[in-house]
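Just upload_12.csv here, CSV, C-alpha atoms and all ligand atoms:
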chain,number,residue,atom,x,y,z
A,13,MET,CA,111.2,96.1,95.4
A,14,GLY,CA,109.1,99.2,95.5
A,15,VAL,CA,110.0,102.8,96.1
A,16,ASP,CA,112.3,103.9,98.9
A,17,ILE,CA,111.7,107.2,100.7
A,18,LYS,CA,114.9,108.8,99.2
A,19,THR,CA,113.6,108.2,95.7
A,20,LEU,CA,110.2,109.6,96.6
A,21,GLN,CA,111.8,112.7,98.1
A,22,ASN,CA,113.9,113.1,95.0
A,23,TRP,CA,110.8,112.9,92.7
A,24,LEU,CA,108.9,115.4,94.9
A,25,SER,CA,111.9,117.8,94.9
A,26,SER,CA,111.1,118.7,91.3
A,27,TYR,CA,107.3,118.9,91.9
A,28,ASP,CA,105.5,122.2,91.7
A,29,TYR,CA,103.2,122.1,94.7
A,30,GLU,CA,101.1,124.9,93.3
A,31,SER,CA,100.0,122.7,90.4
A,32,ILE,CA,99.6,119.1,91.8
A,33,THR,CA,97.4,116.9,89.6
A,34,ILE,CA,95.4,114.0,91.1
A,35,GLY,CA,95.5,111.1,88.8
A,36,VAL,CA,93.3,108.0,88.8
A,37,VAL,CA,92.5,105.0,86.6
A,38,ALA,CA,88.9,105.5,85.4
A,39,SER,CA,87.2,102.7,87.3
A,40,HIS,CA,86.3,101.4,90.8
A,41,SER,CA,86.0,104.6,92.9
A,42,SER,CA,87.3,107.1,90.4
A,43,LEU,CA,84.2,109.2,90.1
A,44,GLN,CA,84.3,109.8,93.9
A,45,ILE,CA,88.1,110.4,93.9
A,46,LEU,CA,88.0,112.9,91.0
A,47,HIS,CA,85.0,114.7,92.4
A,48,GLY,CA,86.7,114.9,95.8
A,49,ALA,CA,89.9,116.2,94.2
A,50,ARG,CA,88.0,118.9,92.4
A,51,GLN,CA,86.2,119.9,95.7
A,52,GLU,CA,89.6,120.4,97.3
A,53,GLY,CA,90.8,122.5,94.3
A,54,PHE,CA,93.1,120.1,92.5
A,55,ARG,CA,93.6,119.6,88.8
A,56,THR,CA,92.6,116.1,87.8
A,57,LEU,CA,93.8,113.4,85.3
A,58,GLY,CA,91.9,110.3,84.2
A,59,ILE,CA,93.8,107.3,82.9
A,60,ALA,CA,91.8,104.9,80.7
A,61,VAL,CA,92.0,102.1,78.2
A,62,GLY,CA,89.2,102.3,75.6
A,63,GLU,CA,87.0,105.1,74.6
A,64,ASN,CA,83.9,103.7,76.4
A,65,ARG,CA,85.7,104.1,79.7
A,66,ARG,CA,86.2,107.8,79.0
A,67,LYS,CA,82.8,108.5,77.4
A,68,TYR,CA,80.7,107.7,80.5
A,69,TYR,CA,82.5,110.5,82.3
A,70,SER,CA,80.8,113.1,80.1
A,71,ALA,CA,77.6,112.1,82.0
A,72,PHE,CA,79.3,113.3,85.2
A,73,PRO,CA,80.7,116.8,84.6
A,74,GLY,CA,81.4,117.1,88.4
A,75,ALA,CA,84.0,114.4,88.1
A,76,ASP,CA,85.1,114.6,84.4
A,77,PRO,CA,88.9,115.0,84.6
A,78,ASP,CA,90.7,118.1,83.3
A,79,GLU,CA,92.9,115.9,81.3
A,80,TRP,CA,92.9,112.3,80.0
A,81,LEU,CA,95.7,109.9,79.3
A,82,MET,CA,94.4,107.2,76.9
A,83,LEU,CA,96.4,104.0,76.8
A,84,ASP,CA,96.4,100.7,74.8
A,85,ASN,CA,96.9,98.7,78.0
A,86,TYR,CA,97.5,99.6,81.6
A,87,ASP,CA,101.1,98.3,81.7
A,88,GLU,CA,101.9,101.4,79.5
A,89,MET,CA,101.5,103.4,82.7
A,90,LEU,CA,105.0,102.3,83.7
A,91,ASP,CA,106.4,103.9,80.5
A,92,TYR,CA,104.6,107.1,81.2
A,93,ALA,CA,106.3,107.6,84.7
A,94,ASP,CA,108.3,110.7,83.5
A,95,TRP,CA,105.2,112.1,81.8
A,96,PHE,CA,103.3,111.8,85.1
A,97,ARG,CA,106.0,113.4,87.1
A,98,GLU,CA,106.4,116.3,84.7
A,99,ARG,CA,102.8,117.0,85.3
A,100,ASN,CA,103.2,116.9,89.1
A,101,VAL,CA,100.8,113.9,89.3
A,102,ILE,CA,100.0,112.0,92.5
A,103,ILE,CA,98.3,108.7,91.7
A,104,ILE,CA,95.5,107.6,93.9
A,105,PRO,CA,95.5,103.8,93.9
A,106,HIS,CA,92.3,101.7,94.1
A,107,GLY,CA,91.5,98.0,93.7
A,108,SER,CA,91.2,98.1,89.9
A,109,LEU,CA,94.6,99.8,89.5
A,110,VAL,CA,96.3,97.1,91.5
A,111,GLU,CA,94.3,94.4,89.6
A,112,TYR,CA,95.0,95.9,86.1
A,113,LEU,CA,98.7,96.5,86.7
A,114,GLY,CA,99.5,93.6,88.9
A,115,SER,CA,100.9,94.2,92.4
A,116,SER,CA,104.6,94.0,91.4
A,117,ASN,CA,104.2,96.5,88.5
A,118,PHE,CA,102.2,98.8,90.8
A,119,LYS,CA,105.0,98.6,93.4
A,120,ASN,CA,107.5,99.7,90.7
A,121,LEU,CA,105.4,102.4,89.2
A,122,GLU,CA,107.8,105.4,89.4
A,123,VAL,CA,105.2,108.0,90.3
A,124,PRO,CA,104.3,109.4,93.8
A,125,THR,CA,101.3,107.4,95.0
A,126,PHE,CA,99.0,108.1,97.9
A,127,GLY,CA,99.4,105.7,100.8
A,128,ASN,CA,102.0,103.1,101.6
A,129,ARG,CA,102.6,100.7,98.7
A,130,GLY,CA,104.7,98.5,101.0
A,131,ILE,CA,101.6,97.4,102.9
A,132,LEU,CA,100.2,95.7,99.8
A,133,HIS,CA,102.6,92.8,100.4
A,134,TRP,CA,100.7,92.2,103.6
A,135,GLU,CA,97.3,92.7,102.1
A,136,SER,CA,98.0,90.4,99.1
A,137,SER,CA,98.1,87.0,100.9
A,138,ARG,CA,95.4,85.7,103.3
A,139,GLU,CA,98.0,84.2,105.5
A,140,ARG,CA,99.9,87.5,106.0
A,141,GLN,CA,96.5,89.3,106.5
A,142,ARG,CA,95.7,86.9,109.3
A,143,LYS,CA,99.1,87.5,111.0
A,144,TRP,CA,98.5,91.3,110.7
A,145,LEU,CA,94.9,91.2,111.9
A,146,ALA,CA,95.8,88.8,114.8
A,147,MET,CA,98.6,91.2,115.9
A,148,GLY,CA,96.0,93.9,115.8
A,149,GLY,CA,93.7,92.0,118.2
A,150,CYS,CA,90.9,91.1,115.7
A,151,SER,CA,89.0,87.9,115.9
A,152,MET,CA,88.7,86.1,112.6
A,153,PRO,CA,86.8,83.1,111.2
A,154,LYS,CA,88.5,79.8,112.0
A,155,VAL,CA,90.6,78.3,109.2
A,156,ILE,CA,90.2,74.5,108.5
A,157,ASP,CA,93.5,73.1,107.3
A,158,ASP,CA,92.3,69.6,106.4
A,159,PRO,CA,89.1,69.3,104.4
A,160,HIS,CA,88.3,66.0,106.2
A,161,ASP,CA,87.8,68.1,109.3
A,162,ILE,CA,84.8,70.1,107.8
A,163,ASP,CA,81.9,69.5,110.2
A,164,GLY,CA,79.7,72.5,109.6
A,165,PRO,CA,79.3,75.2,107.0
A,166,VAL,CA,82.5,76.5,105.5
A,167,ILE,CA,83.4,78.9,102.7
A,168,VAL,CA,86.1,77.9,100.3
A,169,LYS,CA,88.1,80.8,98.8
A,170,TYR,CA,90.5,80.5,95.9
A,171,ALA,CA,93.7,82.5,96.2
A,172,GLY,CA,93.4,84.7,93.0
A,173,ALA,CA,89.6,85.0,93.1
A,174,LYS,CA,88.3,88.5,92.3
A,175,GLY,CA,85.3,89.9,94.0
A,176,GLY,CA,84.2,86.5,95.5
A,177,GLU,CA,84.1,84.8,92.1
A,178,GLY,CA,84.4,81.0,92.4
A,179,TYR,CA,83.9,80.8,96.2
A,180,PHE,CA,81.6,78.1,97.3
A,181,ILE,CA,80.0,76.8,100.5
A,182,ALA,CA,80.4,73.2,101.7
A,183,ARG,CA,78.8,71.5,104.7
A,184,ASP,CA,81.0,68.4,104.8
A,185,TYR,CA,83.9,66.7,103.0
A,186,ARG,CA,81.6,65.3,100.3
A,187,ASP,CA,80.3,68.7,99.5
A,188,PHE,CA,83.8,70.0,99.4
A,189,LYS,CA,85.1,67.3,97.1
A,190,ARG,CA,82.2,67.7,94.7
A,191,ASN,CA,82.9,71.4,94.2
A,192,VAL,CA,86.6,72.0,94.7
A,193,ASN,CA,89.1,72.7,91.9
A,194,ILE,CA,92.2,71.0,93.3
A,195,GLU,CA,94.4,72.7,90.7
A,196,GLU,CA,93.9,76.0,92.5
A,197,GLU,CA,95.2,77.2,95.8
A,198,PHE,CA,92.4,77.6,98.3
A,199,THR,CA,91.6,78.4,101.9
A,200,ILE,CA,88.8,76.9,103.9
A,201,GLN,CA,87.2,79.2,106.4
A,202,GLU,CA,84.4,78.6,108.9
A,203,TYR,CA,81.3,80.1,107.5
A,204,VAL,CA,80.3,82.8,110.0
A,205,LEU,CA,76.6,83.3,110.3
A,206,GLY,CA,75.7,86.9,110.9
A,207,CYS,CA,75.4,90.3,109.3
A,208,ARG,CA,78.2,91.8,107.2
A,209,TYR,CA,79.5,95.3,107.7
A,210,TYR,CA,82.4,96.8,105.7
A,211,LEU,CA,83.9,99.5,107.9
A,212,HIS,CA,85.7,102.3,106.0
A,213,PHE,CA,88.4,103.9,108.1
A,214,PHE,CA,90.9,106.7,107.4
A,215,PHE,CA,94.2,107.0,109.3
A,216,ASP,CA,95.9,110.4,109.2
A,217,PRO,CA,99.5,110.1,110.4
A,218,ILE,CA,99.9,113.9,110.4
A,219,ALA,CA,97.0,114.8,112.6
A,220,GLU,CA,97.7,115.2,116.4
A,221,ASP,CA,94.1,115.6,117.6
A,222,GLY,CA,91.0,113.4,117.6
A,223,TYR,CA,91.0,109.6,118.2
A,224,GLN,CA,94.7,108.9,118.5
A,225,VAL,CA,96.2,105.5,117.7
A,226,GLU,CA,98.5,104.3,120.5
A,227,GLY,CA,101.6,102.5,119.2
A,228,ILE,CA,102.5,99.0,120.2
A,229,GLY,CA,105.9,97.2,120.2
A,230,LYS,CA,108.7,99.6,119.3
A,231,ASN,CA,106.1,102.4,119.1
A,232,SER,CA,104.7,101.7,122.6
A,233,GLY,CA,103.8,105.0,124.4
A,234,LYS,CA,103.7,106.9,121.1
A,235,LYS,CA,100.7,108.5,119.5
A,236,LEU,CA,100.8,107.5,115.8
A,237,GLY,CA,98.0,109.7,114.3
A,238,ARG,CA,94.3,110.2,114.0
A,239,LEU,CA,91.8,107.4,113.2
A,240,GLU,CA,88.5,108.4,111.6
A,241,LEU,CA,85.4,106.3,110.7
A,242,MET,CA,84.3,107.5,107.2
A,243,SER,CA,81.4,105.2,106.4
A,244,MET,CA,80.1,101.7,106.2
A,245,ASP,CA,78.6,99.6,103.5
A,246,ARG,CA,77.3,96.1,102.8
A,247,ARG,CA,78.0,94.5,99.4
A,248,ASP,CA,75.4,93.2,97.1
A,249,GLU,CA,76.6,89.7,96.1
A,250,SER,CA,75.1,87.8,93.2
A,251,ASN,CA,73.5,85.4,93.5
A,252,VAL,CA,73.8,84.5,97.2
A,253,ASP,CA,71.8,87.6,98.3
A,254,GLU,CA,68.7,86.5,96.4
A,255,PHE,CA,69.2,82.7,96.6
A,256,TYR,CA,66.7,82.1,99.4
A,257,LYS,CA,63.9,83.2,97.1
A,258,LEU,CA,64.1,79.9,95.2
A,259,GLY,CA,63.8,77.7,98.2
A,260,SER,CA,66.2,75.8,100.6
A,261,LEU,CA,69.8,75.0,99.8
A,262,ARG,CA,68.6,71.4,99.2
A,263,ASP,CA,65.9,72.5,96.7
A,264,LEU,CA,68.5,74.6,94.9
A,265,ARG,CA,71.1,71.8,94.7
A,266,GLU,CA,68.4,69.6,93.1
A,267,MET,CA,68.3,72.2,90.4
A,268,SER,CA,72.2,72.1,90.3
A,269,LEU,CA,72.4,75.6,91.6
A,270,GLU,CA,75.2,76.8,94.0
A,271,PRO,CA,75.4,80.2,95.7
A,272,SER,CA,78.0,82.5,94.3
A,273,PHE,CA,79.6,85.7,95.8
A,274,VAL,CA,80.2,88.0,92.9
A,275,VAL,CA,80.0,91.7,94.0
A,276,THR,CA,77.6,93.7,91.9
A,277,GLY,CA,77.0,96.8,94.1
A,278,ASN,CA,77.0,98.4,97.5
A,279,GLN,CA,74.5,99.6,100.0
A,280,PRO,CA,75.0,102.2,102.8
A,281,VAL,CA,74.6,100.9,106.4
A,282,VAL,CA,75.2,101.9,110.0
A,283,ILE,CA,75.8,99.6,112.9
A,284,ARG,CA,74.4,99.7,116.5
A,285,GLU,CA,76.2,102.5,118.2
A,286,SER,CA,77.2,100.1,121.1
A,287,LEU,CA,79.4,98.3,118.5
A,288,LEU,CA,81.4,101.3,117.7
A,289,PRO,CA,83.9,101.1,120.6
A,290,ARG,CA,84.9,97.6,119.5
A,291,ALA,CA,85.0,98.7,115.8
A,292,PHE,CA,87.5,101.5,116.8
A,293,GLU,CA,89.5,99.1,119.0
A,294,MET,CA,90.0,96.7,116.1
A,295,ALA,CA,90.9,99.4,113.7
A,296,GLU,CA,93.3,101.0,116.1
A,297,GLY,CA,95.0,97.6,116.8
A,298,THR,CA,95.2,97.0,113.0
A,299,VAL,CA,96.9,100.4,112.4
A,300,ALA,CA,99.2,100.0,115.4
A,301,ALA,CA,100.2,96.5,114.2
A,302,SER,CA,100.8,97.8,110.6
A,303,PHE,CA,103.9,99.6,112.0
A,304,GLU,CA,105.3,96.4,113.4
A,305,LEU,CA,104.9,94.1,110.4
A,306,GLU,CA,108.5,94.5,109.4
A,307,GLU,CA,111.5,96.6,110.2
A,308,ASN,CA,111.1,100.2,109.2
A,309,SER,CA,107.5,99.6,108.2
A,310,ARG,CA,105.8,102.9,107.3
A,311,GLY,CA,102.5,101.5,108.5
A,312,MET,CA,99.0,102.2,107.3
A,313,ILE,CA,98.4,105.5,105.6
A,314,GLY,CA,95.0,106.8,104.6
A,315,SER,CA,92.0,104.7,103.8
A,316,PHE,CA,91.5,101.1,104.7
A,317,CYS,CA,88.5,98.8,105.2
A,318,LEU,CA,87.8,96.0,107.8
A,319,GLU,CA,85.4,93.5,106.3
A,320,THR,CA,83.4,92.0,109.1
A,321,ILE,CA,80.6,89.8,110.2
A,322,VAL,CA,78.7,90.6,113.4
A,323,THR,CA,77.2,87.4,115.0
A,324,ASP,CA,74.1,87.2,117.1
A,325,LYS,CA,76.4,87.3,120.2
A,326,LEU,CA,77.3,90.8,118.9
A,327,GLU,CA,80.8,89.8,118.2
A,328,PHE,CA,82.9,90.9,115.2
A,329,ARG,CA,84.7,88.5,113.0
A,330,VAL,CA,87.1,90.2,110.5
A,331,PHE,CA,87.4,88.1,107.3
A,332,GLU,CA,89.5,90.5,105.3
A,333,ILE,CA,91.3,93.8,105.2
A,334,SER,CA,91.7,96.2,102.2
A,335,ALA,CA,94.6,98.6,102.7
A,336,ARG,CA,93.2,101.3,100.3
A,337,ILE,CA,90.0,103.0,99.3
A,338,VAL,CA,87.2,100.4,98.7
A,339,ALA,CA,84.4,100.7,96.2
A,340,GLY,CA,82.0,100.3,99.2
A,341,SER,CA,82.7,104.0,99.9
A,342,ASN,CA,81.0,105.0,96.6
A,343,PRO,CA,77.5,105.5,98.1
A,344,PHE,CA,79.0,108.4,100.2
A,345,VAL,CA,80.0,110.9,97.6
A,346,GLY,CA,77.9,113.4,99.6
A,347,GLY,CA,79.1,112.3,103.0
A,348,SER,CA,77.9,109.5,105.4
A,349,PRO,CA,76.1,109.4,108.7
A,350,TYR,CA,79.5,109.2,110.4
A,351,SER,CA,81.6,111.7,108.4
A,352,ASP,CA,78.8,114.2,108.3
A,353,ILE,CA,79.1,114.6,112.1
A,354,ASN,CA,82.6,116.1,111.6
A,355,GLU,CA,82.2,117.8,108.2
A,356,PRO,CA,79.4,117.6,105.7
A,357,PHE,CA,80.0,116.3,102.2
A,358,MET,CA,83.3,114.6,103.1
A,359,SER,CA,83.6,111.5,101.0
A,360,THR,CA,86.7,109.2,101.3
A,361,GLY,CA,87.8,110.4,97.9
A,362,ARG,CA,87.7,114.0,99.1
A,363,ARG,CA,89.3,113.1,102.4
A,364,ILE,CA,92.3,111.7,100.5
A,365,SER,CA,92.7,115.0,98.6
A,366,ARG,CA,92.2,117.0,101.9
A,367,SER,CA,95.0,115.0,103.4
A,368,ILE,CA,97.3,115.8,100.4
A,369,LYS,CA,96.4,119.4,100.7
A,370,LYS,CA,97.2,119.5,104.4
A,371,ALA,CA,100.5,117.7,103.8
A,372,ILE,CA,101.4,120.3,101.1
A,373,SER,CA,100.8,123.2,103.5
A,374,ASN,CA,102.8,121.4,106.3
A,375,ASN,CA,105.5,120.6,103.8
A,376,CYS,CA,105.4,116.9,104.6
A,377,LEU,CA,104.0,115.4,101.5
A,378,ASP,CA,106.5,112.5,101.7
A,379,SER,CA,104.9,111.3,104.9
A,380,ILE,CA,101.7,110.3,103.2
A,381,LEU,CA,102.9,109.1,99.7
A,382,SER,CA,105.1,106.3,98.6
A,401,LIG,P1,86.1,88.1,100.5
A,401,LIG,O1,86.7,87.8,99.2
A,401,LIG,O2,86.9,87.5,101.6
A,401,LIG,O3,85.9,89.6,100.7
A,401,LIG,O4,84.7,87.4,100.6
A,401,LIG,C1,83.6,87.6,99.7
A,401,LIG,C2,82.3,87.4,100.3
A,401,LIG,O5,82.2,86.0,100.8
A,401,LIG,C3,82.0,88.3,101.5
A,401,LIG,O6,81.5,89.5,101.2
A,401,LIG,C4,81.0,87.4,102.3
A,401,LIG,O7,79.7,87.5,101.8
A,401,LIG,C5,81.5,86.0,102.1
A,401,LIG,N1,82.4,85.6,103.1
A,401,LIG,C6,83.7,85.6,103.1
A,401,LIG,N2,84.2,85.0,104.2
A,401,LIG,C7,83.2,84.6,104.9
A,401,LIG,C8,83.1,83.8,106.1
A,401,LIG,N3,84.1,83.4,106.8
A,401,LIG,N4,81.8,83.5,106.6
A,401,LIG,C9,80.7,83.9,105.9
A,401,LIG,N5,80.8,84.6,104.7
A,401,LIG,C10,82.0,84.9,104.2

Hey, can you dump this file as structure tokens for me?
Ligand code: AMP
Amino acid sequence: MGVDIKTLQNWLSSYDYESITIGVVASHSSLQILHGARQEGFRTLGIAVGENRRKYYSAFPGADPDEWLMLDNYDEMLDYADWFRERNVIIIPHGSLVEYLGSSNFKNLEVPTFGNRGILHWESSRERQRKWLAMGGCSMPKVIDDPHDIDGPVIVKYAGAKGGEGYFIARDYRDFKRNVNIEEEFTIQEYVLGCRYYLHFFFDPIAEDGYQVEGIGKNSGKKLGRLELMSMDRRDESNVDEFYKLGSLRDLREMSLEPSFVVTGNQPVVIRESLLPRAFEMAEGTVAASFELEENSRGMIGSFCLETIVTDKLEFRVFEISARIVAGSNPFVGGSPYSDINEPFMSTGRRISRSIKKAISNNCLDSILS
């Protein structure tokens, strides 16, 4: 059941803070994380399965790790826990690590890891996410419990779907029945029409300045830490993004084509400035709620992303939260229109290393790792 704070402190007691190594699985946002770690002066470690994963790094000397750990499969990482700790490694988790290891293996990986691994439990189910986001004051797409009640466009999402794979749109029950795989667990959500914005935030529980998150519940009246907006992206999704070029949905169905939502890339975006106060309010609520999810919750630490749609009424609907660095931050290796205002060239990857550096100098590394 994960790592308790005493165990973490015990591991850290044998760490040499002068030679911390930032370790990351070579995928997802690893170029950015390794590049950022190097900018902040850390030694770096790449973890990979298969030579082709390693080879492409030689094309990016600015991120090429100082050392590699080559494995036959990612589960072997669990057996290398002592090896990692002997090298003073801090693992930076990303979506691929959690996917390759599985969330329970990841939780039990006996190596200090950036962020709060406990929050993954809340991120890993749509129902728990909704509870969390609702507590944080975010509006979400309606959920339709009975498929017979579908009376307008809905999106059907399978529980284990990766990157939008297998999702489909239905307009009525007939549509739903025609496409659904009843064997799988699914959720039916109102299809929200509007523009998508993926908001990348960073919560620094150590900082006492800037936009401070006010606690709720047992933390009422407390200032919990600083909220920063790092960047924003919009995902490219194949094939829905290009679907319209072939005609109307009806034309496409005659050709037996259905839209799909497989993420293939990311584009940088900004939103109307007048939407920023609400964006911050939602993110603040989400961080404040993260401390109330369970007894002794350590809350959100570091990077997280609110995945939103803004309607033509200029209202946000949050359809998902990722409680870690997202690949949508990759366009911003050199900074973003938001982070540049505070400090040029500050990627989310670099921000993570900066926060580790600051925690080392404040002697409170255990407050940002798990
Ligand atoms: P998700 O797996 O929840 O991140 O969703 C994958 C993609 O499906 C999103 O990037 C959107 O393009 C689309 N999507 C998800 N939920 C909704 C919704 N409620 N309304 C409209 N589009 C959605």

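Using all atoms listed in the file, the protein and nucleic acid residues lying no more than 8 Å from A:Ala93, apart from those fewer than 6 places from it along its own chain, are A:Leu121, A:Glu122, A:Val123.
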
Test item: axis-aligned box, all listed atoms of ligand LIG 401 (chain A), 8 Å on each side, centre and edges in Å rounded to one decimal, as lines of an AutoDock Vina configuration file:
center_x = 83.3
center_y = 86.5
center_z = 103.0
size_x = 23.2
size_y = 22.2
size_z = 23.6

Hey, what's within 9 Å of A:Pro159 if we count all atoms listed in the file and toss same-chain stuff fewer than 3 positions away? As a ChimeraX atom specification, please? /A:156,162,184-185,188-189,200

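Between ligand LIG 401 (chain A) and the candidates A:Glu177, A:Glu139, A:Glu195, A:Glu293, the tightest atom-to-atom separation, counting all atoms listed in the file, involves A:Glu177.
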
Neighbours of ligand LIG 401 (chain A) within 10 Å, counting all atoms listed in the file, as a PyMOL selection string? chain A and resi 138+152-155+165-181+200-210+246-250+252-253+272-275+318-321+329-334

Generate the output file for the selected residues, C-alpha atoms, as a short mmCIF file (atom, residue, chain, number, x, y, z; two decimals), keeping the file's coordinate frame.
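New file out-v1.cif:
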data_model
loop_
_atom_site.label_atom_id
_atom_site.label_comp_id
_atom_site.auth_asym_id
_atom_site.auth_seq_id
_atom_site.Cartn_x
_atom_site.Cartn_y
_atom_site.Cartn_z
CA ARG A 138 95.40 85.70 103.30
CA MET A 152 88.70 86.10 112.60
CA PRO A 153 86.80 83.10 111.20
CA LYS A 154 88.50 79.80 112.00
CA VAL A 155 90.60 78.30 109.20
CA PRO A 165 79.30 75.20 107.00
CA VAL A 166 82.50 76.50 105.50
CA ILE A 167 83.40 78.90 102.70
CA VAL A 168 86.10 77.90 100.30
CA LYS A 169 88.10 80.80 98.80
CA TYR A 170 90.50 80.50 95.90
CA ALA A 171 93.70 82.50 96.20
CA GLY A 172 93.40 84.70 93.00
CA ALA A 173 89.60 85.00 93.10
CA LYS A 174 88.30 88.50 92.30
CA GLY A 175 85.30 89.90 94.00
CA GLY A 176 84.20 86.50 95.50
CA GLU A 177 84.10 84.80 92.10
CA GLY A 178 84.40 81.00 92.40
CA TYR A 179 83.90 80.80 96.20
CA PHE A 180 81.60 78.10 97.30
CA ILE A 181 80.00 76.80 100.50
CA ILE A 200 88.80 76.90 103.90
CA GLN A 201 87.20 79.20 106.40
CA GLU A 202 84.40 78.60 108.90
CA TYR A 203 81.30 80.10 107.50
CA VAL A 204 80.30 82.80 110.00
CA LEU A 205 76.60 83.30 110.30
CA GLY A 206 75.70 86.90 110.90
CA CYS A 207 75.40 90.30 109.30
CA ARG A 208 78.20 91.80 107.20
CA TYR A 209 79.50 95.30 107.70
CA TYR A 210 82.40 96.80 105.70
CA ARG A 246 77.30 96.10 102.80
CA ARG A 247 78.00 94.50 99.40
CA ASP A 248 75.40 93.20 97.10
CA GLU A 249 76.60 89.70 96.10
CA SER A 250 75.10 87.80 93.20
CA VAL A 252 73.80 84.50 97.20
CA ASP A 253 71.80 87.60 98.30
CA SER A 272 78.00 82.50 94.30
CA PHE A 273 79.60 85.70 95.80
CA VAL A 274 80.20 88.00 92.90
CA VAL A 275 80.00 91.70 94.00
CA LEU A 318 87.80 96.00 107.80
CA GLU A 319 85.40 93.50 106.30
CA THR A 320 83.40 92.00 109.10
CA ILE A 321 80.60 89.80 110.20
CA ARG A 329 84.70 88.50 113.00
CA VAL A 330 87.10 90.20 110.50
CA PHE A 331 87.40 88.10 107.30
CA GLU A 332 89.50 90.50 105.30
CA ILE A 333 91.30 93.80 105.20
CA SER A 334 91.70 96.20 102.20
#

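Proximity to A:Val338 was assessed for A:Glu266, A:Asp245, A:Glu307, A:Glu296 counting only C-alpha atoms; the smallest distance is recorded for A:Asp245.
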
Give one line per residue of stretch 101-193 of chain A that approaches stretch 50-59 of chain A to at most 12 Å, naming the two atoms of the closest pair and their distance in Å to one decimal, counting only C-alpha atoms; sort by chain then ascending residue number and deliver it as CSV.
residue,atom,partner,partner_atom,distance
A:Val101,CA,A:Leu57,CA,8.1
A:Ile102,CA,A:Leu57,CA,9.6
A:Ile103,CA,A:Leu57,CA,9.1
A:Ile104,CA,A:Leu57,CA,10.5
A:Pro105,CA,A:Ile59,CA,11.7
A:Ser108,CA,A:Ile59,CA,11.8
A:Leu109,CA,A:Ile59,CA,10.0
A:Tyr112,CA,A:Ile59,CA,11.9

What does the distance between atom CA of A:Leu20 and atom CA of A:Leu381 come to in Å, to one decimal place? 7.9 Å

Can you pull out the residues contacting A:Ser367? Cut-off 10 Å, using only C-alpha atoms, and skip same-chain residues under 4 positions away; I want them as number ranges by chain. A: 52, 126, 215-219, 314, 362-363, 371-372, 377, 380

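Computed from the coordinates, the atom CA of A:Cys150 to atom CA of A:Ser115 distance equals 25.5 Å.
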
Nearby residues (all atoms listed in the file) at most 9 Å from stretch 233-240 of chain A, same-chain spacing under 3 positions excluded, as a list in words: His212, Phe213, Phe214, Phe215, Asp216, Pro217, Ile218, Ala219, Glu220, Asp221, Gly222, Tyr223, Gln224, Val225, Glu226, Gly227, Ile228, Lys230, Phe292, Ala295, Glu296, Val299, Ala300 and Ser351 of chain A

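Checking A:Glu63, A:Asp76, A:Asp91, A:Glu135 one by one against A:Gly35, counting all atoms listed in the file, you find the shortest gap at A:Asp76.
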
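Put simply, atom CA of A:Gly297 is 19.0 Å away from atom CA of A:Ile337.
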
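Ranking A:Ala146, A:Val37, A:Ala339, A:Leu261 by their shortest atom-to-atom distance to A:Asn278, with all atoms listed in the file included, puts A:Ala339 first.
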
Neighbour list for A:Ser25 as number ranges by chain, cut-off 12 Å, all atoms listed in the file, skip fewer than 5 positions in-chain: A: 18-20, 97-98, 100, 124, 375-378

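If only C-alpha atoms are the atoms counted, then among A:Arg366, A:Asp78, A:Ser136, A:Ser42 the closest residue to A:Arg65 is A:Ser42.
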
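When only C-alpha atoms are used to measure the gap to A:Glu304, the shortest distance among A:Ser232, A:Thr323, A:Ser348, A:Asn251 belongs to A:Ser232.
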
Please, could N, CA, C and O atoms be added to stretch 339-344 of chain A and the result written as an mmCIF file, keeping the file's coordinate frame?
data_model
loop_
_atom_site.group_PDB
_atom_site.id
_atom_site.type_symbol
_atom_site.label_atom_id
_atom_site.label_comp_id
_atom_site.auth_asym_id
_atom_site.auth_seq_id
_atom_site.Cartn_x
_atom_site.Cartn_y
_atom_site.Cartn_z
ATOM 1 N N ALA A 339 85.512 100.247 97.022
ATOM 2 C CA ALA A 339 84.400 100.700 96.200
ATOM 3 C C ALA A 339 83.120 100.851 97.106
ATOM 4 O O ALA A 339 82.178 101.561 96.737
ATOM 5 N N GLY A 340 83.137 100.215 98.274
ATOM 6 C CA GLY A 340 82.000 100.300 99.200
ATOM 7 C C GLY A 340 81.833 101.764 99.722
ATOM 8 O O GLY A 340 80.787 102.095 100.310
ATOM 9 N N SER A 341 82.830 102.627 99.494
ATOM 10 C CA SER A 341 82.700 104.000 99.900
ATOM 11 C C SER A 341 81.941 104.858 98.870
ATOM 12 O O SER A 341 81.623 106.021 99.111
ATOM 13 N N ASN A 342 81.642 104.257 97.718
ATOM 14 C CA ASN A 342 81.000 105.000 96.600
ATOM 15 C C ASN A 342 79.585 105.558 96.975
ATOM 16 O O ASN A 342 79.204 106.591 96.417
ATOM 17 N N PRO A 343 78.787 104.890 97.838
ATOM 18 C CA PRO A 343 77.500 105.500 98.100
ATOM 19 C C PRO A 343 77.601 106.844 98.869
ATOM 20 O O PRO A 343 76.599 107.519 99.080
ATOM 21 N N PHE A 344 78.822 107.220 99.278
ATOM 22 C CA PHE A 344 79.000 108.400 100.200
ATOM 23 C C PHE A 344 79.673 109.563 99.552
ATOM 24 O O PHE A 344 80.424 110.272 100.222
#
